[in-house]
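**Student:** Okay, so here is final-v1.txt, and as you'll see once you scroll down, it has compact mmCIF, C-alpha atoms.
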```txt
# COMPACT_ATOMS: atom_id res chain seq x y z
CA MET A 1 52.69 43.80 98.44
CA THR A 2 51.63 42.53 95.08
CA GLY A 3 47.88 42.29 94.72
CA ASP A 4 46.65 38.77 94.09
CA ILE A 5 49.38 36.92 95.94
CA ALA A 6 48.98 39.09 99.03
CA ALA A 7 45.28 38.31 99.11
CA ALA A 8 46.02 34.61 98.69
CA ALA A 9 48.71 34.77 101.36
CA GLY A 10 46.28 36.54 103.72
CA GLY A 11 46.52 34.84 107.08
CA CYS A 12 49.04 32.31 105.87
CA HIS A 13 52.01 32.15 108.24
CA ILE A 14 54.80 29.73 109.02
CA PHE A 15 53.95 26.77 111.33
CA SER A 16 50.24 27.25 110.61
CA GLY A 17 50.28 24.36 108.19
CA CYS A 18 50.31 26.23 104.91
CA GLY A 19 53.25 26.39 102.56
CA TYR A 20 55.07 29.45 101.31
CA PRO A 21 52.91 31.13 98.65
CA ALA A 22 55.72 31.66 96.17
CA PRO A 23 55.23 34.43 93.63
CA GLY A 24 55.14 33.35 90.01
CA LEU A 25 53.78 34.31 86.64
CA ASN A 26 50.33 34.88 88.15
CA ASP A 27 51.83 37.93 89.81
CA PHE A 28 52.10 39.58 86.41
CA TYR A 29 48.46 39.20 85.41
CA PHE A 30 45.95 41.78 86.51
CA GLN A 31 42.19 41.96 86.60
CA LYS A 32 40.75 44.81 84.57
CA LEU A 33 40.05 47.89 86.64
CA PHE A 34 37.49 49.44 84.28
CA SER A 35 36.80 49.50 80.54
CA ILE A 36 36.63 52.34 78.06
CA GLY A 37 34.55 51.10 75.14
CA GLY A 38 35.91 47.62 74.47
CA TRP A 39 39.28 48.44 75.99
CA ASN A 40 39.97 46.85 79.37
CA VAL A 41 42.24 49.08 81.39
CA THR A 42 44.61 47.32 83.79
CA LYS A 43 47.07 48.52 86.40
CA PRO A 44 50.20 48.41 84.18
CA GLU A 45 48.47 50.57 81.57
CA LEU A 46 47.43 53.12 84.17
CA ILE A 47 51.01 53.21 85.47
CA ALA A 48 52.34 53.79 81.96
CA VAL A 49 49.91 56.69 81.46
CA LEU A 50 50.84 58.10 84.87
CA CYS A 51 54.53 58.02 83.91
CA VAL A 52 53.81 59.88 80.67
CA ILE A 53 51.93 62.53 82.64
CA ILE A 54 54.82 62.83 85.13
CA ILE A 55 57.41 63.25 82.38
CA VAL A 56 55.35 65.75 80.37
CA ALA A 57 54.48 67.74 83.50
CA PHE A 58 58.10 67.84 84.61
CA PHE A 59 59.49 69.05 81.32
CA TRP A 60 56.54 71.40 80.85
CA ALA A 61 57.23 72.99 84.22
CA ALA A 62 60.91 73.21 83.39
CA PHE A 63 60.88 74.51 79.82
CA ALA A 64 57.46 76.01 79.02
CA LYS A 65 58.74 79.52 79.76
CA PRO A 66 62.54 79.32 79.67
CA LYS A 67 64.34 82.25 81.24
CA MET A 68 67.88 83.51 80.97
CA ILE A 69 68.31 83.06 84.72
CA PRO A 70 66.73 79.64 85.38
CA GLY A 71 64.32 79.10 88.24
CA LYS A 72 64.20 75.96 90.39
CA ALA A 73 62.28 73.76 87.96
CA GLN A 74 64.31 74.94 84.98
CA SER A 75 67.64 74.29 86.73
CA LEU A 76 66.55 70.77 87.54
CA GLY A 77 65.33 70.25 83.97
CA GLU A 78 68.59 71.53 82.52
CA LEU A 79 70.51 69.26 84.86
CA ALA A 80 68.43 66.29 83.67
CA VAL A 81 68.87 67.08 79.98
CA LEU A 82 72.59 67.75 80.34
CA LEU A 83 73.02 64.48 82.25
CA VAL A 84 71.74 62.49 79.28
CA ARG A 85 73.58 64.65 76.76
CA ASP A 86 76.98 64.47 78.47
CA GLN A 87 76.85 60.90 79.78
CA VAL A 88 75.04 59.13 76.95
CA ILE A 89 74.81 61.05 73.69
CA ARG A 90 78.10 62.99 73.50
CA PRO A 91 80.41 60.01 74.26
CA VAL A 92 78.75 57.86 71.59
CA LEU A 93 77.66 60.25 68.86
CA GLY A 94 79.76 63.35 69.50
CA ALA A 95 78.40 66.86 69.00
CA LYS A 96 76.43 65.81 65.90
CA GLY A 97 74.31 63.60 68.16
CA ASP A 98 72.64 66.65 69.71
CA VAL A 99 70.04 66.44 66.91
CA TYR A 100 68.71 63.22 68.46
CA MET A 101 68.25 64.66 71.93
CA PRO A 102 64.45 65.11 71.56
CA PHE A 103 64.24 61.36 70.94
CA LEU A 104 66.73 60.08 73.49
CA VAL A 105 66.19 62.37 76.49
CA PRO A 106 62.46 61.63 77.04
CA MET A 107 63.14 57.96 76.32
CA PHE A 108 65.75 57.83 79.09
CA PHE A 109 63.49 59.49 81.64
CA TRP A 110 60.38 57.59 80.65
CA ILE A 111 62.12 54.24 81.07
CA PHE A 112 63.67 55.41 84.34
CA VAL A 113 60.36 56.60 85.81
CA MET A 114 58.54 53.48 84.55
CA ASN A 115 61.15 51.32 86.27
CA LEU A 116 61.02 53.37 89.46
CA MET A 117 57.32 52.52 89.75
CA GLU A 118 58.29 49.04 90.97
CA LEU A 119 59.60 50.63 94.18
CA ILE A 120 56.78 53.05 94.96
CA PRO A 121 54.27 51.64 97.47
CA VAL A 122 50.73 50.90 96.24
CA LEU A 123 51.80 51.06 92.57
CA GLN A 124 54.70 48.61 92.91
CA PHE A 125 54.68 47.29 89.42
CA PRO A 126 57.19 47.95 86.66
CA SER A 127 55.06 48.00 83.51
CA MET A 128 58.16 47.03 81.53
CA SER A 129 57.95 43.58 83.09
CA ARG A 130 55.06 42.95 80.70
CA ILE A 131 56.92 42.49 77.44
CA GLY A 132 54.11 44.12 75.45
CA PHE A 133 55.16 47.48 76.88
CA VAL A 134 58.72 47.01 75.68
CA TRP A 135 58.18 46.01 72.05
CA PRO A 136 56.64 49.31 70.86
CA LEU A 137 59.64 51.15 72.27
CA VAL A 138 62.03 48.72 70.60
CA LEU A 139 60.07 48.95 67.33
CA MET A 140 60.45 52.72 67.42
CA VAL A 141 64.23 52.43 67.90
CA TYR A 142 64.43 49.73 65.21
CA ALA A 143 62.51 51.77 62.64
CA PHE A 144 64.52 54.84 63.55
CA TYR A 145 67.96 53.35 62.98
CA TRP A 146 66.92 51.65 59.75
CA TYR A 147 65.49 54.94 58.53
CA LEU A 148 68.70 56.79 59.44
CA GLY A 149 70.78 54.11 57.73
CA PHE A 150 68.80 54.41 54.50
CA LYS A 151 68.86 58.20 54.69
CA SER A 152 72.60 58.57 55.24
CA LYS A 153 73.90 55.74 53.05
CA GLY A 154 71.17 55.06 50.52
CA PHE A 155 69.14 51.87 50.14
CA ILE A 156 71.88 49.66 48.72
CA GLY A 157 74.62 51.49 50.59
CA TYR A 158 73.14 50.65 53.96
CA PHE A 159 73.15 46.93 53.25
CA LYS A 160 76.65 47.22 51.80
CA SER A 161 77.86 48.89 54.99
CA TRP A 162 77.02 45.75 56.94
CA ILE A 163 79.77 43.84 55.16
CA PRO A 164 82.93 44.06 57.24
CA GLN A 165 86.46 44.28 55.87
CA ALA A 166 87.75 40.71 55.87
CA PRO A 167 89.18 38.07 53.54
CA TRP A 168 86.46 36.26 51.59
CA PRO A 169 86.54 32.84 53.35
CA ILE A 170 85.74 34.57 56.62
CA LEU A 171 83.03 36.64 54.96
CA ILE A 172 81.06 33.45 54.22
CA ILE A 173 80.60 33.04 57.96
CA LEU A 174 80.55 36.71 58.85
CA ILE A 175 77.87 37.99 56.45
CA PRO A 176 75.03 35.79 57.79
CA VAL A 177 76.09 36.67 61.32
CA GLU A 178 76.02 40.40 60.53
CA ILE A 179 72.62 40.13 58.82
CA LEU A 180 71.25 38.23 61.81
CA LYS A 181 72.74 40.84 64.13
CA TYR A 182 71.15 43.86 62.47
CA VAL A 183 67.81 42.31 61.60
CA PHE A 184 67.11 40.18 64.64
CA ILE A 185 69.61 40.09 67.50
CA GLN A 186 69.98 43.84 68.12
CA PRO A 187 66.27 44.59 68.63
CA PHE A 188 65.62 41.28 70.40
CA THR A 189 68.32 41.70 73.02
CA LEU A 190 67.46 45.39 73.45
CA GLY A 191 63.89 44.50 74.35
CA VAL A 192 64.49 41.32 76.31
CA ARG A 193 67.21 42.95 78.44
CA LEU A 194 64.88 45.64 79.72
CA PHE A 195 61.96 43.24 80.13
CA ALA A 196 63.91 40.52 81.91
CA ASN A 197 65.63 42.93 84.28
CA MET A 198 62.31 44.34 85.40
CA PHE A 199 60.73 40.88 85.53
CA ALA A 200 63.54 39.56 87.71
CA GLY A 201 63.48 42.67 89.88
CA HIS A 202 59.76 42.43 90.52
CA LEU A 203 60.04 38.71 91.34
CA LEU A 204 62.96 39.33 93.72
CA LEU A 205 61.11 42.09 95.55
CA SER A 206 57.90 40.11 95.86
CA ILE A 207 59.72 36.96 97.00
CA PHE A 208 61.25 38.75 99.98
CA MET A 209 58.18 40.88 100.74
CA ILE A 210 55.91 37.85 100.80
CA ALA A 211 58.50 35.91 102.79
CA THR A 212 58.59 38.67 105.41
CA TRP A 213 54.82 38.50 105.83
CA TYR A 214 54.78 34.71 105.71
CA LEU A 215 57.49 34.30 108.36
CA THR A 216 55.92 36.76 110.79
CA SER A 217 54.54 34.74 113.69
CA LEU A 218 55.08 34.53 117.43
CA SER A 219 57.92 32.05 117.21
CA VAL A 220 61.45 31.77 115.89
CA GLY A 221 59.87 32.84 112.59
CA LEU A 222 60.10 36.44 113.73
CA LEU A 223 63.88 36.19 113.53
CA TYR A 224 63.69 34.88 109.97
CA ALA A 225 61.25 37.65 109.13
CA ALA A 226 63.78 40.23 110.30
CA GLY A 227 66.37 38.68 108.00
CA SER A 228 63.91 38.73 105.13
CA LEU A 229 63.05 42.36 105.86
CA PHE A 230 66.72 43.23 105.66
CA MET A 231 66.82 41.54 102.26
CA VAL A 232 63.82 43.65 101.17
CA PHE A 233 65.79 46.83 101.85
CA PHE A 234 68.89 45.40 100.21
CA VAL A 235 66.98 44.40 97.07
CA PHE A 236 65.23 47.79 97.13
CA LEU A 237 68.57 49.59 96.89
CA LEU A 238 69.82 47.13 94.29
CA GLU A 239 66.73 47.73 92.16
CA LEU A 240 67.21 51.49 92.46
CA LEU A 241 70.61 50.99 90.85
CA VAL A 242 69.26 48.55 88.24
CA ASP A 243 66.45 50.95 87.27
CA LEU A 244 68.91 53.73 86.51
CA LEU A 245 71.31 51.34 84.82
CA GLN A 246 68.65 49.90 82.51
CA ALA A 247 67.48 53.34 81.41
CA PHE A 248 71.12 54.27 80.83
CA ILE A 249 71.93 51.10 78.90
CA PHE A 250 68.80 51.23 76.74
CA THR A 251 69.56 54.82 75.74
CA THR A 252 73.27 54.15 75.24
CA LEU A 253 72.61 51.16 73.01
CA THR A 254 70.06 53.14 71.00
CA ALA A 255 72.68 55.85 70.52
CA THR A 256 75.20 53.18 69.50
CA TYR A 257 72.81 51.75 66.91
CA ILE A 258 72.17 55.25 65.56
CA ALA A 259 75.93 55.82 65.36
CA ASP A 260 76.27 52.50 63.51
CA SER A 261 73.71 53.65 60.96
CA LEU A 262 75.39 57.02 60.46
CA GLU A 263 79.07 56.18 60.26
CA HIS A 264 80.60 55.55 56.84
CA GLY A 265 82.72 52.48 56.28
CA HIS A 266 83.59 49.86 58.83
CA MET B 1 45.82 12.59 84.39
CA SER B 2 45.89 15.99 86.05
CA ALA B 3 48.23 14.62 88.72
CA THR B 4 50.67 13.62 85.99
CA LEU B 5 50.36 17.07 84.46
CA ALA B 6 51.00 18.76 87.79
CA ALA B 7 54.00 16.49 88.40
CA ALA B 8 55.34 17.30 84.94
CA GLN B 9 54.95 21.02 85.62
CA THR B 10 56.74 20.75 88.97
CA LEU B 11 59.53 18.80 87.28
CA SER B 12 59.78 21.34 84.47
CA ILE B 13 60.04 24.28 86.87
CA ASN B 14 62.69 22.41 88.87
CA ILE B 15 64.67 21.69 85.72
CA GLY B 16 64.22 25.37 84.87
CA ALA B 17 65.87 26.31 88.14
CA VAL B 18 68.83 24.02 87.37
CA GLY B 19 68.93 25.42 83.85
CA TYR B 20 69.14 28.95 85.17
CA GLY B 21 72.06 27.91 87.35
CA LEU B 22 73.85 26.57 84.29
CA ALA B 23 72.97 29.63 82.24
CA ALA B 24 74.45 31.91 84.89
CA ILE B 25 77.94 30.36 84.70
CA GLY B 26 78.97 31.89 81.39
CA PRO B 27 77.68 35.41 82.02
CA GLY B 28 79.17 35.25 85.53
CA ILE B 29 82.62 34.69 84.06
CA GLY B 30 81.92 37.24 81.33
CA ILE B 31 80.79 40.01 83.67
CA GLY B 32 83.84 39.37 85.83
CA LEU B 33 86.07 39.77 82.79
CA VAL B 34 84.28 42.93 81.63
CA PHE B 35 84.57 44.72 84.96
CA GLY B 36 88.04 43.36 85.74
CA HIS B 37 89.51 44.55 82.48
CA ALA B 38 87.69 47.87 82.67
CA ILE B 39 89.17 48.51 86.12
CA GLU B 40 92.59 47.52 84.85
CA ALA B 41 92.23 49.85 81.87
CA MET B 42 91.07 52.72 84.08
CA ALA B 43 93.99 52.15 86.45
CA ARG B 44 96.41 52.33 83.52
CA GLN B 45 94.80 55.37 81.93
CA PRO B 46 92.69 57.32 84.41
CA GLU B 47 92.18 60.15 81.92
CA ALA B 48 90.29 57.82 79.55
CA SER B 49 87.99 56.49 82.29
CA GLY B 50 84.85 58.19 80.91
CA ARG B 51 85.08 56.41 77.59
CA ILE B 52 86.12 53.13 79.20
CA GLN B 53 83.13 53.26 81.55
CA LEU B 54 80.77 53.71 78.61
CA TYR B 55 82.10 50.63 76.85
CA MET B 56 82.18 48.80 80.16
CA TRP B 57 78.43 49.30 80.60
CA ILE B 58 77.72 48.29 77.00
CA GLY B 59 79.80 45.14 77.46
CA PHE B 60 78.08 44.45 80.76
CA ALA B 61 74.64 44.81 79.16
CA LEU B 62 75.48 42.49 76.28
CA THR B 63 76.86 39.82 78.63
CA GLU B 64 74.07 40.13 81.15
CA ALA B 65 71.43 39.55 78.48
CA LEU B 66 72.41 35.88 78.33
CA ALA B 67 71.82 35.36 82.05
CA LEU B 68 68.45 37.11 81.83
CA ILE B 69 67.33 35.02 78.87
CA GLY B 70 68.27 32.01 80.99
CA LEU B 71 66.06 33.37 83.75
CA ILE B 72 62.94 33.77 81.62
CA ALA B 73 63.36 30.62 79.51
CA PRO B 74 61.87 28.23 82.15
CA PHE B 75 58.77 30.42 82.37
CA ILE B 76 58.34 30.44 78.61
CA PHE B 77 58.66 26.66 78.27
CA LYS B 78 56.44 26.01 81.25
CA TYR B 79 53.52 27.89 79.78
CA SER B 80 53.85 27.17 76.07
```
Please render this file's structure as structure tokens.
**Tutor:**
Amino acid sequence: MTGDIAAAAGGCHIFSGCGYPAPGLNDFYFQKLFSIGGWNVTKPELIAVLCVIIIVAFFWAAFAKPKMIPGKAQSLGELAVLLVRDQVIRPVLGAKGDVYMPFLVPMFFWIFVMNLMELIPVLQFPSMSRIGFVWPLVLMVYAFYWYLGFKSKGFIGYFKSWIPQAPWPILIILIPVEILKYVFIQPFTLGVRLFANMFAGHLLLSIFMIATWYLTSLSVGLLYAAGSLFMVFFVFLLELLVDLLQAFIFTTLTATYIADSLEHGH
Amino acid sequence: MSATLAAAQTLSINIGAVGYGLAAIGPGIGIGLVFGHAIEAMARQPEASGRIQLYMWIGFALTEALALIGLIAPFIFKYS
């Protein structure tokens, strides 16, 4: 269960006179665990660091000493890398996209593992549901595709490439829309999509988990609790799918934006 | 005074719930269209299904964003 709410829920059950302790925004705020210097370390930060360690350890084990005949770890690592290359990068960017694999492959797995943390007992918090964890990632992608645009088309050329082929009366409407799209809408939706999916997922999970605990009592409530428990498992599986899908979509859209910056002419 | 504030907050979260319901209509139709047409396209040309699936997920992501913004908007306006 999620920390604060579970403590508040405590002995609160149905028919004992207390209402359902619905999860809300308070569920996303954490007390500091300890401080390093002036820096207060909280649970989401620890989870993010843990995920980095997991990813680095996995790829280190897989590719530190690559062999011609791959061992267990290396086979798994190659499978993981090829999954991203063949499902995400190749369909969008083609073979020339292989250059961006060092950027996109760890990004895919980091987001995926970060999202998976919402399902693992005790941890049970997707750090991406705090929007502060999403913006640095989005900023990196944003800076990267602007840089690639300037590099491949030149400073003026990149802005010129935004202008679509259309008759001039339509361009009056279309040019502001395109500017808004590249400057604001693309990074905004990229970040908010990941954040809101994880936010909604965490809320859904905690709603049904708390409901299961709340409904458990020696009465008809036990029947409701069973229904709620079923929903927990259902949402669990749904979130498993959503976690993978969000990592996939984030990486695919990043690849699409990179392709947009690279291609010449509309 | 604080009772009024609490009442206003309850009202705003209730309106937020209704607002989310309204915000989900458009993306609901949109996601239906995205997947429906993708399935139709894949049925017509099974050999192109890899590429169609890719664009299907991109279209799904773009449509879904609207519903998710609708979901978080009540929280933003409640606390700002």
**Student:** Can you work out which residues from chain A touch chain B at a cut-off of 7 Å (counting all atoms listed in the file) and hand them back as a ChimeraX atom specification?
**Tutor:** /A:91,189,193,196-197,249
**Student:** For a test of reading the model, state the distance in Å between atom CA of A:Phe103 and atom CA of A:Thr252, rounded to one decimal.
**Tutor:**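 Computed distance, atom CA of A:Phe103 to atom CA of A:Thr252, equals 12.3 Å.
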**Student:** Atom CA of A:Asn115 and atom CA of A:Asp98, how far apart in Å?
**Tutor:**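 Computed distance, atom CA of A:Asp98 to atom CA of A:Asn115, equals 25.3 Å.
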**Student:** Measure the distance from atom CA of A:Pro21 to atom CA of A:Phe234 in Å and round it to one decimal.
**Tutor:**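 Pair atom CA of A:Pro21 / atom CA of A:Phe234 returns 21.5 Å.
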**Student:** Which is closer to B:Met56 than all the others in B:Ala73, B:Arg44, B:Gly30, B:Gly19, using all atoms listed in the file?
**Tutor:**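 Closest to B:Met56 of all the choices is B:Gly30.
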**Student:** Could you list as a PyMOL selection string every residue that has an atom within 9 Å of (65.9, 46.3, 75.7), using the file's coordinates and counting only C-alpha atoms?
**Tutor:** chain A and resi 134-135+137-138+186-196+246+249-250+253
**Student:** List the spatial neighbours of A:Gln87 as a PDB file with C-alpha atoms, in the coordinates of the input - criterion: any atom at most 12 Å away, only C-alpha atoms, same-chain residues fewer than 2 positions off excluded.
**Tutor:**
```pdb
ATOM      1  CA  LEU A  79      70.510  69.260  84.860  1.00  0.00           C
ATOM      2  CA  ALA A  80      68.430  66.290  83.670  1.00  0.00           C
ATOM      3  CA  VAL A  81      68.870  67.080  79.980  1.00  0.00           C
ATOM      4  CA  LEU A  82      72.590  67.750  80.340  1.00  0.00           C
ATOM      5  CA  LEU A  83      73.020  64.480  82.250  1.00  0.00           C
ATOM      6  CA  VAL A  84      71.740  62.490  79.280  1.00  0.00           C
ATOM      7  CA  ARG A  85      73.580  64.650  76.760  1.00  0.00           C
ATOM      8  CA  ILE A  89      74.810  61.050  73.690  1.00  0.00           C
ATOM      9  CA  ARG A  90      78.100  62.990  73.500  1.00  0.00           C
ATOM     10  CA  PRO A  91      80.410  60.010  74.260  1.00  0.00           C
ATOM     11  CA  VAL A  92      78.750  57.860  71.590  1.00  0.00           C
ATOM     12  CA  LEU A  93      77.660  60.250  68.860  1.00  0.00           C
ATOM     13  CA  GLY A  94      79.760  63.350  69.500  1.00  0.00           C
ATOM     14  CA  LEU A 104      66.730  60.080  73.490  1.00  0.00           C
ATOM     15  CA  VAL A 105      66.190  62.370  76.490  1.00  0.00           C
ATOM     16  CA  PHE A 108      65.750  57.830  79.090  1.00  0.00           C
ATOM     17  CA  PHE A 248      71.120  54.270  80.830  1.00  0.00           C
ATOM     18  CA  ILE A 249      71.930  51.100  78.900  1.00  0.00           C
ATOM     19  CA  THR A 251      69.560  54.820  75.740  1.00  0.00           C
ATOM     20  CA  THR A 252      73.270  54.150  75.240  1.00  0.00           C
ATOM     21  CA  ALA A 255      72.680  55.850  70.520  1.00  0.00           C
TER      22      ALA A 255
ATOM     23  CA  GLY B  50      84.850  58.190  80.910  1.00  0.00           C
ATOM     24  CA  ARG B  51      85.080  56.410  77.590  1.00  0.00           C
ATOM     25  CA  GLN B  53      83.130  53.260  81.550  1.00  0.00           C
ATOM     26  CA  LEU B  54      80.770  53.710  78.610  1.00  0.00           C
ATOM     27  CA  TYR B  55      82.100  50.630  76.850  1.00  0.00           C
ATOM     28  CA  TRP B  57      78.430  49.300  80.600  1.00  0.00           C
TER      29      TRP B  57
END
```
**Student:** Restricting the calculation to all atoms listed in the file: of A:Tyr257, A:Phe58, A:Trp110, A:Tyr29, which residue gets closest to A:Leu148?
**Tutor:** A:Tyr257
